[in-house]
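Chemist: My questions will all concern the structure given below.
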Amino acid sequence: MSERRLLILYGSQTGYAKDTAYRIARQAWRRHFSVSVQSMDQVDKWSIFTTTYPVIFVCSTTGQGEEPDNMKKFWRFILRKTIPYDALSGLKYAVFGLGDSSYQKFNFPAKRLSRRLQQLGGTPIVDRGDGDDQHYLGLDGALDPWLENLWTVLLDQYPLPKPIVPESVAPDPSCDIDYIDEHIDTSVGKTELIPGTHLGQLVKSDRMTAPDHFQDVHLFEFELDDSTQIPQWSPGDCAVLRPENLDSDVNDFLQQMHWTEHADKLLQIKPHDESIIPNWVPRCTTLRWLFTNYFDIMAVPRRSFFEMLYYFSSSENEKERLHEFTTSEGQDELQTYCMRPRRTIVEVLDDLPCSRVPLEYIFDVFPEIADRSFSISSASAVTPHRVDLTVAIVNYKTLMQKPRVGV
């Protein structure tokens, strides 16, 4: 029997394509495939030429038909003219794109990727799928039938060794997480710098607009650590910052989850697949550090959050409500409940007191804090160790009359 393995590669700017990739992975797990999920820039690019099992590509669209940042290196690599025309003759692949048909270059990255893979000799498993935000069911309008077709073809090629795992059974957690002896020598909260990352200290924060002006625009000045090589930049270039959650929000969340007592205890994280967790996240840390620096508890949850939360609810009423949010027919209800009022994860959990996430599933349920990009308003030729950012502060009230402030 052929090897029952799948590689799922995603290119994601805001997290939707990544979310979709993991949704596909959970469905693959139910069909007894061994699955690995990585961003396209994370995978060993040369291995794509020797892969003997199917590869599923999921990519979103950013800007005016551009590929996401974590797909750019991979895209440039497979565009090389030196690659032989039959280099991917052994590759079986499927491509699903996420986009919005109201834009002229709808799903351009997925279309170009699919065409290039075919040019290099790859064999499509199914036709390319084009998810469209304009569909009355959103992306699910194209994704659900595309997945149904994909599994039909794959299961014909790779017959099931045993019955499909029912939807009522929770997927296995992606990590083993245990509290450890506090006397063990560890590096709590110490992280590895991502290549291209620079440490900086905020030295100035001044409001530029008048106090009575409706828009609060601030000038932030960051002094860069000169122990690493400082890059060159010009006004208009982007600086990417990784924010943190506010201490008050983290404290409220930990209390809500009944984790306050253990928030500062050391715990050890052992991922089943190292690609699941970025290298800069310490494998020995605390819940407080994770929910301050890594997990986005103030995000508006997506469908997958409710899909996973369903398994951990002890209330039949809450389970019924959560299940509705995970169906294609329930997406309007999800929009009304969650998306339009910008209801956060903390507020959802407050609204569902019988739904609590087990410790070992936190990496499967909670999303990662997204980096924020800001235009630089200074030049390295003038201030080589200082980056200036001119930023409009987000501050508004939701439909629930809850204040929202940007992180």
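Residue names in the structure tokens use chain letters A, B, ... in the order shown, residue numbers from 1 in each chain, and ligand numbers from 1 in the order shown.
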Neighbours of region 286-289 of chain A within 9 Å (only C-alpha atoms; same-chain residues fewer than 3 positions away dropped), as a tab-separated table (two decimals) with N, CA, C and O atoms, in the first residue's frame?

Modeler:
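The file below, out-v1.tsv, is the result:
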```tsv
chain	number	residue	atom	x	y	z
A	179	TYR	N	3.64	20.54	33.80
A	179	TYR	CA	4.33	21.37	34.79
A	179	TYR	C	5.56	20.62	35.26
A	179	TYR	O	5.56	19.39	35.37
A	188	VAL	N	13.60	30.54	31.27
A	188	VAL	CA	12.20	30.93	31.12
A	188	VAL	C	12.11	32.25	30.38
A	188	VAL	O	12.71	33.24	30.77
A	189	GLY	N	11.31	32.25	29.31
A	189	GLY	CA	11.06	33.49	28.59
A	189	GLY	C	12.21	33.93	27.71
A	189	GLY	O	12.13	34.95	27.04
A	250	VAL	N	-4.47	39.82	30.20
A	250	VAL	CA	-3.93	38.49	30.50
A	250	VAL	C	-4.40	38.02	31.87
A	250	VAL	O	-4.81	36.86	32.04
A	251	ASN	N	-4.38	38.91	32.85
A	251	ASN	CA	-4.83	38.53	34.20
A	251	ASN	C	-6.31	38.13	34.20
A	251	ASN	O	-6.69	37.15	34.84
A	254	LEU	N	-6.58	34.63	32.49
A	254	LEU	CA	-6.10	33.53	33.33
A	254	LEU	C	-7.08	33.22	34.45
A	254	LEU	O	-7.30	32.06	34.80
A	259	TRP	N	-6.70	29.50	35.73
A	259	TRP	CA	-5.28	29.20	35.64
A	259	TRP	C	-4.41	30.16	36.44
A	259	TRP	O	-3.18	30.07	36.40
A	260	THR	N	-5.03	31.07	37.18
A	260	THR	CA	-4.25	32.09	37.91
A	260	THR	C	-3.25	31.45	38.87
A	260	THR	O	-2.10	31.88	38.97
A	262	HIS	N	-1.70	28.72	38.69
A	262	HIS	CA	-0.58	28.06	38.03
A	262	HIS	C	0.08	28.92	36.96
A	262	HIS	O	0.95	28.43	36.22
A	263	ALA	N	-0.30	30.18	36.88
A	263	ALA	CA	0.14	31.03	35.77
A	263	ALA	C	1.65	31.20	35.71
A	263	ALA	O	2.21	31.38	34.62
A	264	ASP	N	2.32	31.16	36.87
A	264	ASP	CA	3.76	31.41	36.90
A	264	ASP	C	4.57	30.15	37.20
A	264	ASP	O	5.76	30.22	37.48
A	265	LYS	N	3.90	29.00	37.14
A	265	LYS	CA	4.61	27.74	37.30
A	265	LYS	C	5.30	27.37	35.98
A	265	LYS	O	4.76	27.60	34.91
A	266	LEU	N	6.47	26.77	36.10
A	266	LEU	CA	7.18	26.35	34.89
A	266	LEU	C	6.46	25.17	34.24
A	266	LEU	O	5.99	24.26	34.92
A	267	LEU	N	6.37	25.23	32.92
A	267	LEU	CA	5.85	24.09	32.19
A	267	LEU	C	6.74	23.80	31.00
A	267	LEU	O	7.39	24.68	30.44
A	268	GLN	N	6.77	22.53	30.61
A	268	GLN	CA	7.61	22.09	29.50
A	268	GLN	C	6.72	21.72	28.32
A	268	GLN	O	5.74	21.00	28.47
A	292	THR	N	0.92	36.27	27.22
A	292	THR	CA	1.33	37.67	27.06
A	292	THR	C	2.02	37.88	25.72
A	292	THR	O	1.75	38.86	25.02
A	293	ASN	N	2.86	36.92	25.32
A	293	ASN	CA	3.75	37.13	24.18
A	293	ASN	C	3.40	36.34	22.92
A	293	ASN	O	3.85	36.71	21.84
A	294	TYR	N	2.62	35.27	23.05
A	294	TYR	CA	2.43	34.41	21.89
A	294	TYR	C	0.96	34.27	21.47
A	294	TYR	O	0.63	34.45	20.29
```

Chemist: Ser39 (chain A): which residues within 8 Å, counting only C-alpha atoms, same-chain residues fewer than 4 positions away excluded, as a PDB file with N, CA and C atoms, in the first residue's frame?

Modeler:
```
ATOM      1  N   LEU A   9       1.172  22.825   2.725  1.00  0.00           N
ATOM      2  CA  LEU A   9       1.966  24.048   2.737  1.00  0.00           C
ATOM      3  C   LEU A   9       1.040  25.252   2.558  1.00  0.00           C
ATOM      4  N   TYR A  10       1.235  26.277   3.358  1.00  0.00           N
ATOM      5  CA  TYR A  10       0.369  27.448   3.275  1.00  0.00           C
ATOM      6  C   TYR A  10       1.180  28.731   3.099  1.00  0.00           C
ATOM      7  N   GLY A  11       0.552  29.691   2.454  1.00  0.00           N
ATOM      8  CA  GLY A  11       1.062  31.054   2.402  1.00  0.00           C
ATOM      9  C   GLY A  11      -0.033  31.940   2.968  1.00  0.00           C
ATOM     10  N   SER A  12       0.233  32.557   4.112  1.00  0.00           N
ATOM     11  CA  SER A  12      -0.830  33.251   4.837  1.00  0.00           C
ATOM     12  C   SER A  12      -0.339  34.601   5.335  1.00  0.00           C
ATOM     13  N   LYS A  18      -3.568  29.825   6.900  1.00  0.00           N
ATOM     14  CA  LYS A  18      -2.999  28.924   7.908  1.00  0.00           C
ATOM     15  C   LYS A  18      -4.111  28.177   8.622  1.00  0.00           C
ATOM     16  N   VAL A  43       9.389  25.219   4.698  1.00  0.00           N
ATOM     17  CA  VAL A  43       9.739  23.887   4.226  1.00  0.00           C
ATOM     18  C   VAL A  43      11.087  23.902   3.503  1.00  0.00           C
ATOM     19  N   ASN A  70       5.077  34.945   3.818  1.00  0.00           N
ATOM     20  CA  ASN A  70       5.716  33.661   4.128  1.00  0.00           C
ATOM     21  C   ASN A  70       5.621  32.660   2.982  1.00  0.00           C
ATOM     22  N   MET A  71       5.384  33.196   1.777  1.00  0.00           N
ATOM     23  CA  MET A  71       5.392  32.373   0.566  1.00  0.00           C
ATOM     24  C   MET A  71       6.379  32.921  -0.460  1.00  0.00           C
TER      25      MET A  71
END
```

Chemist: Would you please extract all strand (DSSP E) residues from region 316-394 of chain A, as assigned by DSSP on the backbone, and give them as a PyMOL selection string?

Modeler: chain A and resi 372-375+386-392

Chemist: So that I can check the surroundings of Ser174 (chain A), please list as a list in words every protein, DNA and RNA residue that reaches within 12 Å of it, counting only C-alpha atoms and ignoring chain neighbours fewer than 4 positions away.

Modeler: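 After dropping sequence-adjacent residues, the list is Tyr22, Ala25, Arg26, Trp29, Val35, Ser36, Val37, Ala170, Ile269, Lys270, Pro271, His272, Asp273, Glu274, Ser275, Ile276, Ile277, Leu359, Glu360, Tyr361, Ile362, Phe363, Asp364 and Val365 of chain A.
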
Chemist: Where does DSSP see alpha helix (DSSP H) in region 128-349 of chain A, if you list the residues as a ChimeraX atom specification?

Modeler: /A:140-157,247-256,287-293,303-309,316-325,331-334,345-349

Chemist: Using only C-alpha atoms, which residue out of A:Ile83, A:Val126, A:Leu309, A:Ala392 lies closest to Thr326 (chain A)?

Modeler: A:Leu309

Chemist: Using only C-alpha atoms, which residues sit within 12 Å of Leu91 (chain A) once same-chain residues fewer than 3 positions away are excluded, as a PyMOL selection string?

Modeler: chain A and resi 6-7+47-56+86-88+94+117-125
